[in-house]
>>> print(open('entry22.txt').read())   # compact mmCIF, C-alpha atoms and all ligand atoms
# COMPACT_ATOMS: atom_id res chain seq x y z
CA MET R 1 22.06 103.57 14.01
CA PRO R 2 24.95 102.02 12.08
CA VAL R 3 28.54 103.01 12.75
CA ARG R 4 29.79 105.99 10.80
CA LEU R 5 33.49 106.80 10.31
CA TYR R 6 34.92 110.29 10.11
CA LYS R 7 38.34 110.54 8.51
CA GLY R 8 40.76 113.46 8.86
CA THR R 9 43.54 114.86 11.02
CA ILE R 10 42.27 114.24 14.53
CA ILE R 11 43.47 116.61 17.27
CA TYR R 12 42.52 116.71 20.94
CA THR R 13 44.19 116.85 24.35
CA ASP R 14 44.33 113.69 26.44
CA THR R 15 46.53 115.44 29.01
CA PRO R 16 47.07 119.21 29.32
CA GLU R 17 50.76 118.96 28.44
CA LYS R 18 50.45 118.03 24.79
CA LEU R 19 48.19 117.80 21.77
CA THR R 20 47.37 114.31 20.54
CA VAL R 21 47.55 114.33 16.73
CA ILE R 22 46.44 111.47 14.48
CA LYS R 23 46.96 112.09 10.77
CA ASN R 24 44.61 110.20 8.44
CA GLY R 25 42.81 108.83 11.47
CA TYR R 26 39.24 107.59 11.75
CA ILE R 27 36.71 108.25 14.47
CA ALA R 28 34.04 105.54 14.60
CA VAL R 29 30.76 106.93 15.94
CA LYS R 30 27.63 105.00 16.88
CA ASP R 31 24.50 106.50 18.44
CA GLY R 32 26.29 109.77 19.10
CA ARG R 33 29.21 108.23 20.98
CA ILE R 34 32.71 107.33 19.93
CA GLU R 35 33.30 103.59 19.55
CA GLU R 36 36.98 103.85 18.77
CA VAL R 37 39.65 106.04 17.24
CA ILE R 38 41.67 104.29 14.57
CA THR R 39 45.24 105.05 13.58
CA GLY R 40 46.47 103.50 10.34
CA GLU R 41 44.61 100.75 8.50
CA LEU R 42 40.87 100.38 8.94
CA PRO R 43 39.83 97.09 10.64
CA LYS R 44 37.79 94.69 8.47
CA LYS R 45 34.67 95.04 10.63
CA TYR R 46 34.24 98.54 9.21
CA ALA R 47 34.49 97.43 5.56
CA GLU R 48 30.76 98.06 5.00
CA SER R 49 30.51 101.23 7.13
CA ASP R 50 29.90 104.74 5.86
CA ILE R 51 33.11 106.76 5.65
CA ILE R 52 33.04 110.55 5.53
CA ASP R 53 36.47 111.66 4.35
CA TYR R 54 37.47 115.20 5.34
CA GLY R 55 40.91 114.95 3.73
CA ASP R 56 43.50 117.05 5.53
CA SER R 57 40.91 119.03 7.51
CA LEU R 58 41.28 118.97 11.28
CA ILE R 59 38.67 117.23 13.42
CA ILE R 60 38.66 118.84 16.88
CA PRO R 61 36.37 118.69 19.94
CA ALA R 62 33.68 121.37 20.17
CA PHE R 63 34.21 124.10 22.77
CA SER R 64 32.69 124.73 26.21
CA ASP R 65 31.96 128.27 27.39
CA LEU R 66 31.45 127.94 31.14
CA HIS R 67 30.74 131.57 31.92
CA ILE R 68 28.63 133.83 29.76
CA HIS R 69 25.85 136.32 30.51
CA ALA R 70 23.17 135.54 27.96
CA PRO R 71 21.39 138.92 28.24
CA GLN R 72 24.64 140.79 27.73
CA PHE R 73 25.07 139.40 24.22
CA VAL R 74 24.13 142.80 22.76
CA GLU R 75 26.70 144.56 24.94
CA ARG R 76 29.75 142.83 23.54
CA GLY R 77 32.39 145.34 22.55
CA VAL R 78 30.66 148.41 24.00
CA GLY R 79 31.29 150.29 27.25
CA MET R 80 34.77 148.84 27.39
CA ASP R 81 36.32 152.03 28.75
CA CYS R 82 34.68 151.35 32.14
CA LEU R 83 35.81 149.26 35.08
CA LEU R 84 33.44 146.75 36.71
CA PHE R 85 31.10 148.86 38.82
CA ASP R 86 30.63 151.71 36.32
CA TRP R 87 30.06 149.20 33.59
CA LEU R 88 27.39 147.39 35.63
CA ASN R 89 25.54 150.59 36.51
CA ASN R 90 25.83 152.42 33.19
CA TYR R 91 25.36 149.60 30.72
CA THR R 92 24.45 146.28 32.17
CA PHE R 93 21.69 146.77 34.73
CA PRO R 94 19.56 149.03 32.46
CA GLN R 95 19.99 146.66 29.52
CA GLU R 96 19.31 143.45 31.50
CA SER R 97 16.15 144.96 32.99
CA ARG R 98 14.66 144.96 29.47
CA PHE R 99 14.36 141.17 29.59
CA LYS R 100 11.04 141.48 31.41
CA ASP R 101 9.78 141.82 27.83
CA ILE R 102 9.73 138.27 26.50
CA ASN R 103 9.78 139.38 22.86
CA TYR R 104 12.98 141.30 23.47
CA ALA R 105 14.39 138.17 25.15
CA LYS R 106 13.44 136.02 22.17
CA THR R 107 15.12 138.34 19.68
CA ILE R 108 18.38 138.49 21.64
CA TYR R 109 18.54 134.85 22.76
CA ALA R 110 17.91 133.48 19.26
CA GLN R 111 20.93 135.46 18.01
CA LEU R 112 23.05 134.33 20.95
CA ILE R 113 22.39 130.65 20.35
CA TYR R 114 22.98 131.07 16.63
CA GLU R 115 26.39 132.61 17.38
CA PHE R 116 27.25 129.78 19.80
CA LEU R 117 26.57 127.23 17.09
CA LYS R 118 28.39 129.19 14.39
CA HIS R 119 31.52 129.48 16.54
CA GLY R 120 31.49 125.83 17.65
CA THR R 121 30.47 126.25 21.28
CA PHE R 122 28.12 123.37 22.04
CA GLN R 123 28.38 123.28 25.83
CA THR R 124 27.75 126.28 28.04
CA ALA R 125 26.86 127.58 31.50
CA LEU R 126 24.89 130.81 31.39
CA PHE R 127 23.95 133.71 33.57
CA THR R 128 20.48 135.02 32.74
CA THR R 129 18.26 137.68 34.36
CA ILE R 130 15.75 137.76 37.23
CA HIS R 131 12.76 137.42 34.87
CA TYR R 132 11.09 134.01 35.10
CA ASP R 133 9.47 133.92 31.66
CA SER R 134 12.56 135.02 29.74
CA CYS R 135 14.70 132.51 31.65
CA SER R 136 12.23 129.76 30.85
CA LEU R 137 12.23 130.73 27.17
CA LEU R 138 16.04 130.67 27.00
CA TYR R 139 16.06 127.24 28.65
CA LYS R 140 13.65 125.89 26.03
CA MET R 141 15.56 127.53 23.18
CA LEU R 142 18.74 125.85 24.38
CA MET R 143 16.89 122.53 24.42
CA GLU R 144 15.69 123.12 20.87
CA SER R 145 19.25 123.92 19.71
CA GLY R 146 20.62 120.56 20.89
CA MET R 147 23.29 122.26 23.01
CA TYR R 148 24.39 121.04 26.43
CA ALA R 149 23.84 123.72 29.07
CA TYR R 150 23.41 124.71 32.70
CA SER R 151 20.97 127.55 32.94
CA GLY R 152 18.33 128.95 35.30
CA LYS R 153 17.31 132.22 36.82
CA ILE R 154 19.66 134.62 38.56
CA ASN R 155 19.07 136.02 42.04
CA MET R 156 19.76 139.52 43.38
CA ASP R 157 17.85 141.24 46.18
CA MET R 158 20.07 144.12 47.31
CA ASN R 159 22.70 146.63 46.23
CA SER R 160 21.02 146.68 42.82
CA PRO R 161 19.11 149.50 41.11
CA GLU R 162 15.44 149.76 42.09
CA PHE R 163 14.33 148.95 38.54
CA TYR R 164 16.25 145.67 38.59
CA VAL R 165 16.04 143.89 41.93
CA GLU R 166 13.95 141.14 43.54
CA GLU R 167 12.07 140.78 46.78
CA THR R 168 13.82 138.04 48.80
CA GLY R 169 10.91 135.65 49.33
CA LYS R 170 9.76 135.87 45.72
CA SER R 171 13.28 135.30 44.44
CA ILE R 172 13.50 132.01 46.37
CA GLU R 173 9.95 130.98 45.42
CA ASP R 174 10.49 131.70 41.71
CA THR R 175 13.76 129.78 41.77
CA GLU R 176 12.14 126.71 43.32
CA ARG R 177 9.30 126.87 40.80
CA PHE R 178 11.85 127.17 37.99
CA ILE R 179 13.70 124.09 39.21
CA ILE R 180 10.54 122.00 39.54
CA GLU R 181 9.18 123.03 36.15
CA HIS R 182 12.43 122.56 34.20
CA ARG R 183 14.63 119.92 35.80
CA ASP R 184 13.07 116.94 34.02
CA LEU R 185 12.59 118.51 30.60
CA SER R 186 15.91 117.54 29.04
CA ASP R 187 19.00 115.35 29.27
CA HIS R 188 21.12 118.15 27.82
CA VAL R 189 19.94 121.27 29.62
CA LYS R 190 19.90 121.31 33.42
CA PRO R 191 19.10 123.93 36.06
CA ILE R 192 21.75 125.44 38.30
CA ILE R 193 21.63 127.99 41.14
CA ILE R 194 22.89 131.42 40.02
CA PRO R 195 23.27 134.11 42.70
CA ARG R 196 24.68 137.13 40.85
CA PHE R 197 27.50 137.65 43.35
CA ALA R 198 27.65 137.94 47.13
CA PRO R 199 27.29 141.75 47.37
CA THR R 200 23.91 141.69 45.56
CA CYS R 201 22.46 138.86 47.69
CA SER R 202 21.22 139.05 51.27
CA ARG R 203 22.10 136.36 53.79
CA GLU R 204 18.46 135.26 53.83
CA LEU R 205 18.45 134.86 50.06
CA LEU R 206 21.70 132.88 49.96
CA GLU R 207 20.49 130.65 52.80
CA GLY R 208 17.27 129.99 50.90
CA LEU R 209 19.22 129.14 47.74
CA GLY R 210 21.51 126.88 49.78
CA LYS R 211 18.47 124.89 50.91
CA LEU R 212 17.30 124.54 47.29
CA ALA R 213 20.77 123.40 46.19
CA GLN R 214 20.61 120.63 48.78
CA LYS R 215 16.96 119.70 48.30
CA TYR R 216 17.30 119.34 44.51
CA ASP R 217 20.99 118.39 44.41
CA LEU R 218 21.93 121.30 42.18
CA GLY R 219 25.22 122.96 41.41
CA LEU R 220 26.20 126.61 41.76
CA HIS R 221 27.37 129.16 39.20
CA THR R 222 28.61 132.53 40.41
CA HIS R 223 31.50 135.01 40.45
CA LEU R 224 34.32 134.58 42.95
CA VAL R 225 37.03 137.05 44.02
CA GLU R 226 36.62 138.83 40.70
CA SER R 227 38.23 142.08 41.78
CA LYS R 228 39.84 143.34 44.98
CA ALA R 229 36.95 145.78 45.47
CA GLU R 230 34.38 143.00 45.14
CA ALA R 231 36.25 140.69 47.56
CA ALA R 232 36.54 143.48 50.16
CA TRP R 233 32.86 144.41 49.80
CA SER R 234 31.77 140.76 50.29
CA LYS R 235 33.82 140.54 53.48
CA GLU R 236 32.29 143.73 54.79
CA LEU R 237 28.76 142.41 54.16
CA PHE R 238 29.47 138.94 55.59
CA PRO R 239 31.93 139.69 58.44
CA ASP R 240 31.68 136.15 59.87
CA CYS R 241 33.15 134.69 56.65
CA ALA R 242 36.89 134.63 56.07
CA SER R 243 36.47 135.33 52.37
CA ASP R 244 34.16 135.35 49.37
CA GLY R 245 34.22 131.57 48.98
CA GLU R 246 33.32 130.85 52.57
CA ILE R 247 30.04 132.74 52.16
CA TYR R 248 28.80 130.09 49.73
CA GLU R 249 30.16 127.28 51.86
CA LYS R 250 28.65 128.51 55.14
CA LEU R 251 25.26 129.19 53.61
CA GLY R 252 25.00 125.69 52.11
CA LEU R 253 25.38 126.44 48.41
CA LEU R 254 28.13 123.89 47.85
CA ASN R 255 26.26 120.85 49.14
CA GLY R 256 24.35 119.82 45.99
CA LYS R 257 25.76 117.24 43.57
CA GLY R 258 25.78 119.49 40.48
CA PRO R 259 28.90 121.31 39.28
CA LYS R 260 30.25 124.30 41.19
CA LEU R 261 31.41 126.89 38.69
CA PHE R 262 33.25 129.97 39.89
CA ALA R 263 34.05 132.68 37.36
CA HIS R 264 37.30 134.66 37.54
CA VAL R 265 38.98 133.53 40.83
CA ILE R 266 41.61 136.22 40.36
CA PHE R 267 42.58 136.73 43.99
CA PRO R 268 42.07 133.35 45.72
CA THR R 269 42.97 133.27 49.41
CA GLU R 270 43.89 130.11 51.35
CA THR R 271 40.20 129.72 52.12
CA GLU R 272 39.32 129.71 48.40
CA ASP R 273 42.16 127.26 47.74
CA ARG R 274 40.72 124.87 50.31
CA ILE R 275 37.12 125.25 49.13
CA LEU R 276 37.92 124.84 45.42
CA LYS R 277 39.61 121.49 46.16
CA GLN R 278 37.27 120.22 48.84
CA TYR R 279 34.13 120.70 46.73
CA ASP R 280 35.73 119.77 43.40
CA CYS R 281 34.91 123.20 41.96
CA VAL R 282 35.74 124.41 38.47
CA SER R 283 37.33 127.87 38.27
CA VAL R 284 36.46 129.62 35.03
CA HIS R 285 39.14 131.80 33.50
CA CYS R 286 37.75 134.59 31.30
CA PRO R 287 40.78 136.26 29.73
CA ASP R 288 38.97 138.79 27.49
CA SER R 289 36.75 139.98 30.30
CA THR R 290 39.66 140.12 32.72
CA SER R 291 41.37 142.48 30.31
CA ASN R 292 38.26 144.58 29.66
CA ILE R 293 36.48 144.96 32.95
CA THR R 294 38.45 143.79 35.93
CA ALA R 295 42.00 144.23 37.08
CA GLY R 296 44.27 141.29 37.65
CA ILE R 297 44.85 137.93 35.97
CA MET R 298 43.81 134.54 37.32
CA PRO R 299 46.90 132.49 38.28
CA SER R 300 45.58 129.75 35.99
CA SER R 301 48.91 128.13 35.24
CA THR R 302 49.90 127.75 38.90
CA MET R 303 46.41 126.62 39.83
CA MET R 304 46.37 124.02 37.06
CA ASP R 305 49.79 122.69 38.08
CA ASN R 306 48.51 122.41 41.65
CA GLY R 307 45.59 120.23 40.56
CA TYR R 308 42.77 122.78 40.40
CA LYS R 309 40.22 122.43 37.64
CA ILE R 310 40.28 125.38 35.24
CA ALA R 311 37.86 125.90 32.35
CA LEU R 312 37.40 128.91 30.07
CA GLY R 313 34.57 131.40 29.63
CA SER R 314 33.88 134.16 27.14
CA ASP R 315 32.10 136.19 29.87
CA VAL R 316 30.28 138.12 27.14
CA GLY R 317 29.46 141.07 27.62
CA GLY R 318 32.48 141.62 29.92
CA GLY R 319 34.23 139.70 27.18
CA HIS R 320 33.60 140.87 23.64
CA PHE R 321 33.76 137.75 21.46
CA LEU R 322 31.93 134.44 21.54
CA GLY R 323 34.46 132.19 19.79
CA MET R 324 36.17 130.13 22.48
CA TYR R 325 39.13 129.41 20.19
CA ARG R 326 40.08 133.05 20.68
CA GLN R 327 39.86 132.63 24.47
CA VAL R 328 42.35 129.77 24.11
CA ALA R 329 44.79 132.14 22.39
CA ARG R 330 44.07 134.96 24.84
CA THR R 331 44.76 132.65 27.79
CA VAL R 332 48.28 132.09 26.48
CA GLN R 333 48.72 135.79 25.70
CA ILE R 334 47.79 137.14 29.11
CA SER R 335 49.71 134.41 30.92
CA LYS R 336 52.82 135.87 29.27
CA MET R 337 51.89 139.33 30.55
CA LYS R 338 51.55 137.91 34.02
CA GLU R 339 54.93 136.22 33.70
CA PHE R 340 56.48 139.49 32.55
CA TYR R 341 55.23 141.41 35.58
CA GLU R 342 55.61 138.49 38.02
CA PRO R 343 58.73 136.58 36.98
CA ASP R 344 57.96 133.70 39.40
CA TYR R 345 54.81 132.95 37.45
CA LYS R 346 55.04 130.37 34.66
CA ARG R 347 53.16 131.08 31.43
CA LEU R 348 50.83 128.59 29.78
CA VAL R 349 51.22 126.76 26.48
CA LEU R 350 48.45 126.31 23.89
CA SER R 351 47.72 122.65 24.73
CA LYS R 352 46.88 123.60 28.33
CA ALA R 353 44.53 126.39 27.29
CA PHE R 354 42.91 124.09 24.70
CA TYR R 355 42.45 121.43 27.41
CA MET R 356 40.63 124.01 29.57
CA ALA R 357 38.25 124.95 26.75
CA THR R 358 37.48 121.39 25.67
CA VAL R 359 38.27 118.73 28.29
CA THR R 360 37.75 120.48 31.64
CA GLY R 361 34.86 122.52 30.27
CA GLY R 362 33.27 119.44 28.70
CA SER R 363 33.69 117.29 31.81
CA VAL R 364 30.90 119.04 33.71
CA PHE R 365 28.41 117.77 31.10
CA GLY R 366 29.59 114.14 31.09
CA LYS R 367 32.06 112.43 28.77
CA ILE R 368 32.69 115.36 26.43
CA GLY R 369 35.89 116.98 25.21
CA LYS R 370 38.14 114.09 24.15
CA PHE R 371 38.13 111.68 21.25
CA LYS R 372 38.18 108.42 23.17
CA PRO R 373 35.80 105.44 23.36
CA GLY R 374 32.61 106.30 25.21
CA TYR R 375 32.89 110.05 24.66
CA ILE R 376 30.06 111.97 23.02
CA PHE R 377 30.95 113.07 19.49
CA ASN R 378 30.57 116.85 19.79
CA ALA R 379 33.07 117.97 17.20
CA LEU R 380 34.12 120.50 14.58
CA VAL R 381 35.77 120.05 11.21
CA ILE R 382 38.02 123.00 10.40
CA ASN R 383 40.18 123.93 7.42
CA GLY R 384 41.33 126.84 5.28
CA LEU R 385 44.19 127.65 7.64
CA GLN R 386 47.16 127.08 5.30
CA ASP R 387 48.91 129.71 3.18
CA GLU R 388 50.06 128.93 -0.32
CA GLY R 389 53.77 128.09 -0.52
CA TYR R 390 54.32 127.62 3.22
CA GLU R 391 53.04 124.51 4.96
CA LEU R 392 51.87 124.43 8.56
CA SER R 393 51.83 121.27 10.70
CA PRO R 394 48.45 120.16 12.15
CA GLU R 395 49.48 121.62 15.54
CA GLU R 396 50.30 124.93 13.85
CA CYS R 397 46.97 124.90 11.98
CA LEU R 398 45.14 124.55 15.29
CA GLU R 399 47.22 127.35 16.78
CA ARG R 400 46.46 129.58 13.79
CA PHE R 401 42.75 128.81 14.12
CA CYS R 402 42.84 129.90 17.78
CA TYR R 403 44.73 133.13 17.05
CA ALA R 404 43.61 134.17 13.60
CA GLY R 405 40.76 131.91 12.49
CA ASP R 406 37.02 132.41 12.78
CA ASP R 407 33.70 130.72 12.14
CA ARG R 408 34.39 130.66 8.37
CA ASN R 409 37.03 128.01 9.08
CA ILE R 410 34.43 125.74 10.71
CA LYS R 411 33.05 123.61 7.87
CA HIS R 412 31.05 120.96 9.77
CA ARG R 413 29.56 120.81 13.27
CA PHE R 414 28.42 117.73 15.16
CA ILE R 415 26.38 117.43 18.33
CA ASP R 416 25.72 113.86 19.55
CA GLY R 417 27.14 112.63 16.25
CA ARG R 418 24.53 114.53 14.24
CA GLU R 419 25.55 117.28 11.85
CA ILE R 420 23.86 120.56 12.68
CA ASN R 421 23.12 123.61 10.59
CA PRO R 422 23.19 126.87 12.61
CA GLU R 423 21.03 128.75 10.07
CA LYS R 424 18.25 126.17 10.29
CA VAL R 425 18.32 126.21 14.09
CA PHE R 426 18.22 130.02 14.04
CA GLU R 427 15.11 130.05 11.85
CA LYS R 428 13.39 127.64 14.23
CA LEU R 429 14.36 129.63 17.35
CA LYS R 430 12.91 132.83 15.91
CA THR R 431 9.50 131.19 15.70
CA MET R 432 9.38 129.86 19.26
ZN ZN R 501 30.46 137.32 34.67
>>> encode(input="entry22.txt", output="structure tokens")
Amino acid sequence: MPVRLYKGTIIYTDTPEKLTVIKNGYIAVKDGRIEEVITGELPKKYAESDIIDYGDSLIIPAFSDLHIHAPQFVERGVGMDCLLFDWLNNYTFPQESRFKDINYAKTIYAQLIYEFLKHGTFQTALFTTIHYDSCSLLYKMLMESGMYAYSGKINMDMNSPEFYVEETGKSIEDTERFIIEHRDLSDHVKPIIIPRFAPTCSRELLEGLGKLAQKYDLGLHTHLVESKAEAAWSKELFPDCASDGEIYEKLGLLNGKGPKLFAHVIFPTETEDRILKQYDCVSVHCPDSTSNITAGIMPSSTMMDNGYKIALGSDVGGGHFLGMYRQVARTVQISKMKEFYEPDYKRLVLSKAFYMATVTGGSVFGKIGKFKPGYIFNALVINGLQDEGYELSPEECLERFCYAGDDRNIKHRFIDGREINPEKVFEKLKTM
């Protein structure tokens, strides 16, 4: 494929501290990857190349949502008066159990992927359900969409309602079969081990999953110290472990090469601090869901300053909105709340939250999230953010998009350097 140049106001974060802005810049893309980013005059070698001029529109990296429950898509914005355990029992478990019906799964998952694409989320890590066939369908739909994803089948064999629970041996068997049948299907979509959370998994189950993680070199995606009640319950069930995190360490779930993604991490102890560093884990901050379902706010600013990797998640249906740009804004908002109630805590600025949603989130899929040579061109072109008679800077336009914009501001979407059309993908998914 020949080189193609995209011209516009280029914005991304090279470091968390500030936005890199290139006005009238060019991004040269070949075979889906960025060759170079050009400031100022175009070099002669590109004289014959195709130039797509987006004027004063912003070109930004696409977003990564590293924690979302695919089956809870239909629950977004309902049941929000509950706290975690009531919400799980009254809304979530009954609804998720419906995914044994593959036609139901198809209807919901097609809409979910369509919304991802509309809102500019092209990389994701998903929770699913215990149902093999629906999980397999979602995996193949993600492949069809072109998105980058870690998906699989979740595991839960205790402390769950009798209509939505697995038998231990079958849970491990199904998971191994899932890995074998899916791991070589795609470069973009990869399996990951997904125990729901420690209190719904027996020791035997977690040990079995730990062996699979090692045998197939897979990563782990689960919840960690999400609420004080959950952390205390885990300790009660696994008394030989100092904390939630040590359960996964002791039972071998951190030994595979894939990414280790921990959602929430609101009350990390010293043990979690050690484990997160030692195993190069990514903690996933989910600010909407934190506000809706759980109590407490992840100390994301302190953790980031201390070298921990922090990405963002919508955590739909705990969270209520799929657009990750809004999670960027919400991250700043709730960090100010935390600072108000805990004056020693330092709030975050927009560039840091944007870095979480693009660079750290993208990094678990390869070179994604920056506009630098060698990076995959997964990008959005946005505009329509200015008011008449009052001009915003490019940085302010990005900020406005995060706080007050929506999918109508996203005019073009690129995955691997190819423009995608969410409506067309949606039509295709509905027929799978
Ligand atoms: Zn979650």
>>> residues_near_ligand(input="entry22.txt", ligand="ligand ZN 501 (chain R)", cutoff="8 Å", atoms="only C-alpha atoms and all ligand atoms", output="PyMOL selection string")
chain R and resi 67-69+127+222-223+263-264+315-316+318
>>> closest_residue(input="entry22.txt", among="R:Glu176, R:Glu419, R:Glu391, R:Glu236", to="Leu218 of chain R", atoms="all atoms listed in the file")
R:Glu176
>>> residues_around(input="entry22.txt", residues="Tyr139 of chain R", least_positions_apart="2", cutoff="9 Å", atoms="all atoms listed in the file", output="list in words")
Ser134, Cys135, Ser136, Leu137, Met141, Leu142, Met143, Glu144, Ala149, Tyr150, Ser151, Gly152, His182, Val189, Lys190 and Pro191 of chain R
>>> write_last_selection(input="entry22.txt", atoms="C-alpha atoms", output="PDB file, keeping the file's coordinate frame")
ATOM      1  CA  SER R 134      12.560 135.020  29.740  1.00  0.00           C
ATOM      2  CA  CYS R 135      14.700 132.510  31.650  1.00  0.00           C
ATOM      3  CA  SER R 136      12.230 129.760  30.850  1.00  0.00           C
ATOM      4  CA  LEU R 137      12.230 130.730  27.170  1.00  0.00           C
ATOM      5  CA  MET R 141      15.560 127.530  23.180  1.00  0.00           C
ATOM      6  CA  LEU R 142      18.740 125.850  24.380  1.00  0.00           C
ATOM      7  CA  MET R 143      16.890 122.530  24.420  1.00  0.00           C
ATOM      8  CA  GLU R 144      15.690 123.120  20.870  1.00  0.00           C
ATOM      9  CA  ALA R 149      23.840 123.720  29.070  1.00  0.00           C
ATOM     10  CA  TYR R 150      23.410 124.710  32.700  1.00  0.00           C
ATOM     11  CA  SER R 151      20.970 127.550  32.940  1.00  0.00           C
ATOM     12  CA  GLY R 152      18.330 128.950  35.300  1.00  0.00           C
ATOM     13  CA  HIS R 182      12.430 122.560  34.200  1.00  0.00           C
ATOM     14  CA  VAL R 189      19.940 121.270  29.620  1.00  0.00           C
ATOM     15  CA  LYS R 190      19.900 121.310  33.420  1.00  0.00           C
ATOM     16  CA  PRO R 191      19.100 123.930  36.060  1.00  0.00           C
TER      17      PRO R 191
END
>>> closest_residue(input="entry22.txt", among="R:Ser171, R:Gln95, R:Asn292, R:Gln333", to="Gly77 of chain R", atoms="only C-alpha atoms")
R:Asn292
>>> closest_residue(input="entry22.txt", among="R:Met304, R:Leu220, R:Val78, R:Ile10", to="Val381 of chain R", atoms="all atoms listed in the file")
R:Ile10
>>> closest_residue(input="entry22.txt", among="R:Ala198, R:Leu126, R:Ala379, R:Ile420", to="Ala232 of chain R", atoms="all atoms listed in the file")
R:Ala198
>>> residues_around(input="entry22.txt", residues="segment 274-290 of chain R", least_positions_apart="2", cutoff="9 Å", atoms="all atoms listed in the file", output="PyMOL selection string")
chain R and resi 65-67+224+226+245-246+249+254-255+259-266+269-272+292-298+300+307-321+326-328+330-331+333-334+356+360-361+364
>>> atom_distance(input="entry22.txt", atom1="atom CA of Lys118 of chain R", atom2="atom CA of Thr92 of chain R")
25.0 Å
>>> residues_around(input="entry22.txt", residues="Gln123 of chain R", least_positions_apart="2", cutoff="7 Å", atoms="only C-alpha atoms", output="ChimeraX atom specification")
/R:63-65,121,147-149,362
>>> atom_distance(input="entry22.txt", atom1="atom CA of Gly374 of chain R", atom2="atom CA of Asn306 of chain R")
28.0 Å
>>> residues_around(input="entry22.txt", residues="Leu380 of chain R", least_positions_apart="3", cutoff="9 Å", atoms="all atoms listed in the file", output="PDB file with C-alpha atoms, keeping the file's coordinate frame")
ATOM      1  CA  LEU R  58      41.280 118.970  11.280  1.00  0.00           C
ATOM      2  CA  ILE R  59      38.670 117.230  13.420  1.00  0.00           C
ATOM      3  CA  ILE R  60      38.660 118.840  16.880  1.00  0.00           C
ATOM      4  CA  PRO R  61      36.370 118.690  19.940  1.00  0.00           C
ATOM      5  CA  ALA R  62      33.680 121.370  20.170  1.00  0.00           C
ATOM      6  CA  PHE R  63      34.210 124.100  22.770  1.00  0.00           C
ATOM      7  CA  GLY R 120      31.490 125.830  17.650  1.00  0.00           C
ATOM      8  CA  ILE R 410      34.430 125.740  10.710  1.00  0.00           C
ATOM      9  CA  LYS R 411      33.050 123.610   7.870  1.00  0.00           C
ATOM     10  CA  HIS R 412      31.050 120.960   9.770  1.00  0.00           C
ATOM     11  CA  ARG R 413      29.560 120.810  13.270  1.00  0.00           C
ATOM     12  CA  PHE R 414      28.420 117.730  15.160  1.00  0.00           C
TER      13      PHE R 414
END
>>> atom_distance(input="entry22.txt", atom1="atom CA of Ile154 of chain R", atom2="atom CA of Thr175 of chain R")
8.3 Å
>>> residues_around(input="entry22.txt", residues="Pro199 of chain R", least_positions_apart="6", cutoff="7 Å", atoms="all atoms listed in the file", output="list in words")
Asn159, Trp233, Ser234 and Leu237 of chain R
>>> closest_residue(input="entry22.txt", among="R:Ile376, R:Val425, R:Val37, R:Leu398", to="Ser351 of chain R", atoms="only C-alpha atoms")
R:Leu398
